[in-house]
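K.L.:
Below is one structure. I have some questions about it.
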Amino acid sequence: MINKKEVIVFSKSVAPGEKGTVAERIKADATVQEVTAKFYFGQERALKVNPYIHKTRNRIEQLLTYPEGTDPFIAGDDDYFKYDTAVEVSNDDFVKVDFENTSVDNAYDLVVTVTVDYLGGKQRAWWYYAKQH
């Protein structure tokens, strides 16, 4: 077991009209505990991002819930979003962020962080509670 937290930083310039995916491998059983997204002034919701977990056997587990009838992505303009999560992940799963820049004129900066807590593995919440009592 790895006794640490890892902050995975997805940061890149996204060209006008560009879309794609960035990814990082999970190094041991763990819990994803936080996702943040920063959108700079002037982006006007043109940069759309969706962070998620790509598990073995091509299963996808969303880190965030997008209710029916809402946008299935995060976007903003001069905004910073912080989402607390508790999603179990396994060794060799991948944290991925899909992105799309719908602007035809401007490149925008993608800045998404995902905090992975390896301490306690998948049972972080149970392990932490047991340690306190």
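Residues are named by chain letter and number: chains run A, B, ... in the order of the structure tokens, numbers start at 1 in each chain, and ligands are numbered from 1 in the order shown.
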Would you return as a VMD selection string the members of chain A that DSSP assigns to helix (DSSP H, G or I) on this structure's backbone?

P.N.:
chain A and resid 56 to 58 121 to 132

K.L.:
Once you have the residues from the selection above, write them out as a PDB file, in the first residue's frame, restricted to N, CA, C and O atoms.

P.N.:
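What follows is the written file again_17.pdb:
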ATOM      1  N   THR A  56     -11.130  -1.313 -15.451  1.00  0.00           N
ATOM      2  CA  THR A  56     -10.842  -2.472 -16.289  1.00  0.00           C
ATOM      3  C   THR A  56     -12.111  -2.936 -16.998  1.00  0.00           C
ATOM      4  O   THR A  56     -13.223  -2.617 -16.587  1.00  0.00           O
ATOM      5  N   ARG A  57     -11.935  -3.681 -18.061  1.00  0.00           N
ATOM      6  CA  ARG A  57     -13.035  -4.166 -18.905  1.00  0.00           C
ATOM      7  C   ARG A  57     -13.856  -3.020 -19.499  1.00  0.00           C
ATOM      8  O   ARG A  57     -15.061  -3.143 -19.697  1.00  0.00           O
ATOM      9  N   ASN A  58     -13.206  -1.875 -19.695  1.00  0.00           N
ATOM     10  CA  ASN A  58     -13.823  -0.699 -20.331  1.00  0.00           C
ATOM     11  C   ASN A  58     -15.065  -0.184 -19.618  1.00  0.00           C
ATOM     12  O   ASN A  58     -15.951   0.398 -20.242  1.00  0.00           O
ATOM     13  N   GLY A 121      -6.397   2.449   0.926  1.00  0.00           N
ATOM     14  CA  GLY A 121      -6.862   1.819  -0.301  1.00  0.00           C
ATOM     15  C   GLY A 121      -8.302   2.148  -0.607  1.00  0.00           C
ATOM     16  O   GLY A 121      -8.760   3.269  -0.438  1.00  0.00           O
ATOM     17  N   LYS A 122      -9.053   1.150  -1.050  1.00  0.00           N
ATOM     18  CA  LYS A 122     -10.464   1.338  -1.377  1.00  0.00           C
ATOM     19  C   LYS A 122     -11.305   1.533  -0.129  1.00  0.00           C
ATOM     20  O   LYS A 122     -12.414   2.035  -0.196  1.00  0.00           O
ATOM     21  N   GLN A 123     -10.804   1.113   1.013  1.00  0.00           N
ATOM     22  CA  GLN A 123     -11.568   1.159   2.255  1.00  0.00           C
ATOM     23  C   GLN A 123     -11.208   2.383   3.085  1.00  0.00           C
ATOM     24  O   GLN A 123     -11.275   2.363   4.297  1.00  0.00           O
ATOM     25  N   ARG A 124     -10.815   3.461   2.437  1.00  0.00           N
ATOM     26  CA  ARG A 124     -10.346   4.648   3.150  1.00  0.00           C
ATOM     27  C   ARG A 124     -11.321   5.118   4.222  1.00  0.00           C
ATOM     28  O   ARG A 124     -10.938   5.360   5.357  1.00  0.00           O
ATOM     29  N   ALA A 125     -12.578   5.247   3.899  1.00  0.00           N
ATOM     30  CA  ALA A 125     -13.542   5.755   4.870  1.00  0.00           C
ATOM     31  C   ALA A 125     -13.649   4.815   6.071  1.00  0.00           C
ATOM     32  O   ALA A 125     -13.618   5.247   7.220  1.00  0.00           O
ATOM     33  N   TRP A 126     -13.754   3.530   5.829  1.00  0.00           N
ATOM     34  CA  TRP A 126     -13.837   2.563   6.923  1.00  0.00           C
ATOM     35  C   TRP A 126     -12.547   2.547   7.722  1.00  0.00           C
ATOM     36  O   TRP A 126     -12.547   2.551   8.936  1.00  0.00           O
ATOM     37  N   TRP A 127     -11.409   2.547   7.033  1.00  0.00           N
ATOM     38  CA  TRP A 127     -10.105   2.487   7.686  1.00  0.00           C
ATOM     39  C   TRP A 127      -9.900   3.708   8.581  1.00  0.00           C
ATOM     40  O   TRP A 127      -9.455   3.608   9.710  1.00  0.00           O
ATOM     41  N   TYR A 128     -10.242   4.879   8.090  1.00  0.00           N
ATOM     42  CA  TYR A 128     -10.071   6.108   8.864  1.00  0.00           C
ATOM     43  C   TYR A 128     -10.934   6.074  10.121  1.00  0.00           C
ATOM     44  O   TYR A 128     -10.495   6.401  11.212  1.00  0.00           O
ATOM     45  N   TYR A 129     -12.183   5.640   9.977  1.00  0.00           N
ATOM     46  CA  TYR A 129     -13.087   5.568  11.130  1.00  0.00           C
ATOM     47  C   TYR A 129     -12.545   4.577  12.167  1.00  0.00           C
ATOM     48  O   TYR A 129     -12.513   4.883  13.360  1.00  0.00           O
ATOM     49  N   ALA A 130     -12.111   3.413  11.731  1.00  0.00           N
ATOM     50  CA  ALA A 130     -11.605   2.390  12.654  1.00  0.00           C
ATOM     51  C   ALA A 130     -10.357   2.881  13.396  1.00  0.00           C
ATOM     52  O   ALA A 130     -10.177   2.601  14.578  1.00  0.00           O
ATOM     53  N   LYS A 131      -9.514   3.615  12.731  1.00  0.00           N
ATOM     54  CA  LYS A 131      -8.290   4.140  13.340  1.00  0.00           C
ATOM     55  C   LYS A 131      -8.609   5.153  14.431  1.00  0.00           C
ATOM     56  O   LYS A 131      -7.897   5.257  15.429  1.00  0.00           O
ATOM     57  N   GLN A 132      -9.691   5.910  14.258  1.00  0.00           N
ATOM     58  CA  GLN A 132     -10.058   6.936  15.234  1.00  0.00           C
ATOM     59  C   GLN A 132     -10.702   6.370  16.488  1.00  0.00           C
ATOM     60  O   GLN A 132     -10.790   7.035  17.494  1.00  0.00           O
TER      61      GLN A 132
END

K.L.:
Can you list, as an MDAnalysis selection string, every residue of chain A that DSSP puts in strand (DSSP E)?

P.N.:
chainID A and resid 5:14 19:25 30:39 47:55 59:62 79:89 94:101 108:117

K.L.:
Excluding same-chain residues fewer than 3 positions from range 34-44 of chain A, what lies within 8 Å of it counting only C-alpha atoms, as a ChimeraX atom specification?

P.N.:
/A:47,74-86,108-116

K.L.:
How about saving the chosen residues, C-alpha atoms kept, as a short mmCIF file (atom, residue, chain, number, x, y, z; two decimals), in the first residue's frame?

P.N.:
data_model
loop_
_atom_site.label_atom_id
_atom_site.label_comp_id
_atom_site.auth_asym_id
_atom_site.auth_seq_id
_atom_site.Cartn_x
_atom_site.Cartn_y
_atom_site.Cartn_z
CA LEU A 47 -14.10 24.73 -22.81
CA ILE A 74 -18.21 21.17 -16.45
CA ALA A 75 -17.70 24.59 -18.05
CA GLY A 76 -17.24 28.11 -16.78
CA ASP A 77 -15.92 31.64 -17.14
CA ASP A 78 -13.70 32.98 -14.35
CA ASP A 79 -14.81 30.07 -12.13
CA TYR A 80 -13.18 27.60 -9.74
CA PHE A 81 -15.08 24.45 -8.80
CA LYS A 82 -14.18 22.01 -6.03
CA TYR A 83 -16.02 18.70 -5.74
CA ASP A 84 -15.63 16.32 -2.79
CA THR A 85 -15.92 12.67 -3.87
CA ALA A 86 -15.43 9.20 -2.42
CA TYR A 108 -8.12 27.89 -23.67
CA ASP A 109 -6.25 26.40 -20.73
CA LEU A 110 -7.49 23.12 -19.30
CA VAL A 111 -6.78 22.94 -15.54
CA VAL A 112 -8.31 19.98 -13.68
CA THR A 113 -6.89 18.30 -10.57
CA VAL A 114 -7.90 14.95 -9.12
CA THR A 115 -6.79 14.00 -5.58
CA VAL A 116 -6.23 10.27 -5.04
#

K.L.:
Set the distance at 8 Å and use only C-alpha atoms: which residues neighbour Val97 in chain A once local chain neighbours fewer than 6 positions away are removed? I'd like the list as a ChimeraX atom specification.

P.N.:
/A:10,21-23,49-52

K.L.:
Which of these, A:Asp71, A:Glu6, A:Glu88, A:Asp98, has the shortest distance to Lys27 in chain A once you count only C-alpha atoms?

P.N.:
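Of A:Asp71, A:Glu6, A:Glu88, A:Asp98, the one nearest Lys27 in chain A, counting only C-alpha atoms, is A:Glu6.
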
K.L.:
Might you pull out every residue within 7 Å of Asp117 in chain A, with only C-alpha atoms counted and same-chain residues fewer than 4 positions away left off, and present them as a list of chain:residue names?

P.N.:
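Within the cut-off, the hits are A:Lys4, A:Lys5, A:Glu6, A:Ala30, A:Thr31, A:Val32, A:Gln33.
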